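Chemist: Okay, here's the structure, questions in a sec.
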Amino acid sequence: MDVIFIIIGLNVTMIFLFDKSKLDSKEWFLKLLILNVILFLVASISVLIGLGKNTAINSLFVPLISQLVYYALSKLFYLKYERNSIDTFWTMDKSLFIDGWFNFIFWLISILLFLFVL
């Protein structure tokens with residue numbers, strides 16, 4: 001069961017990896033935000049009643065925080081460069097250096113958050 005919670009806890013990271021455009025779309029972003037708020041509430045209730053001690057239920061806190069971090073980083077990137085970042089994971093184009101740094105910073109924060117919670 002813990003593996004399922006961990007996979008669900010990585011939903012924003014997996015979407016970022018495979019189809020980053022969904023995180024930039026308002027419609028998908030709001031749907032994902034609602035889902036992640038529900039997961040956050042489920043994890044909070046589980047921890048409060050004592051069900052989530054020393055289990056992977058804590059990983060359900062991560063998606064909401066990761067999505068908010070992505071939103072903040074994305075807005076900062078847009079304010080500085082006046083464009084959305086481009087997905088650089090599946091390409092080796094050297095002209096996308098700044099976009100690569102944006103993606104690296106999000107990955108680093110996302111993975112560190114996940115490891116911190118577990």
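By convention in this document, the chains of the structure tokens carry letters A, B, ... by their order, each chain's residues are numbered from 1, and ligands are numbered from 1 in the order they are shown.
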Need to verify the contact set: Ile98 (chain A), 10 Å, only C-alpha atoms, exclusion of same-chain residues closer than 5 positions in sequence. Can you return it as a list of chain:residue names?
Modeler: A:Phe77, A:Tyr81, A:Ser85, A:Ile86, A:Thr88, A:Asn103, A:Phe104
Chemist: In Å, how far is it from CA of Leu96 (chain A) to CA of Gly9 (chain A)?
Modeler: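 A separation of 28.8 Å between them.
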Chemist: For Tyr78 (chain A), which residue out of A:Asp24, A:Val3, A:Gly52, A:Leu60 is the nearest one, using only C-alpha atoms?
Modeler: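 Selected residue with least distance to Tyr78 (chain A): A:Asp24.
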Chemist: Please provide as a list in words all residues within 9 Å of region 53-58 of chain A, with the sequence filter that same-chain residues fewer than 4 positions apart are discarded (counting only C-alpha atoms).
Modeler: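 Result of the neighbour search: Met1, Asp2, Val3, Ile4, Phe5, Ile6, Gly9, Val42, Ala43, Ser44, Ser46, Val47, Val62, Val117 and Leu118 of chain A.
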Chemist: Could you check which of A:Asp87, A:Ile45, A:Val69, A:Ile34 is closest to Ser21 (chain A), using only C-alpha atoms?
Modeler: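 Looking at the shortest contact to Ser21 (chain A), the residue is A:Asp87.
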Chemist: Do a neighbour search on region 105-110 of chain A at 12 Å with only C-alpha atoms, toss out local chain neighbours closer than 3 positions, and write the hits as an NGL selection string.
Modeler: :A and (9-17 or 20 or 59 or 61-74 or 77 or 85 or 87 or 89 or 98-102 or 113-117)
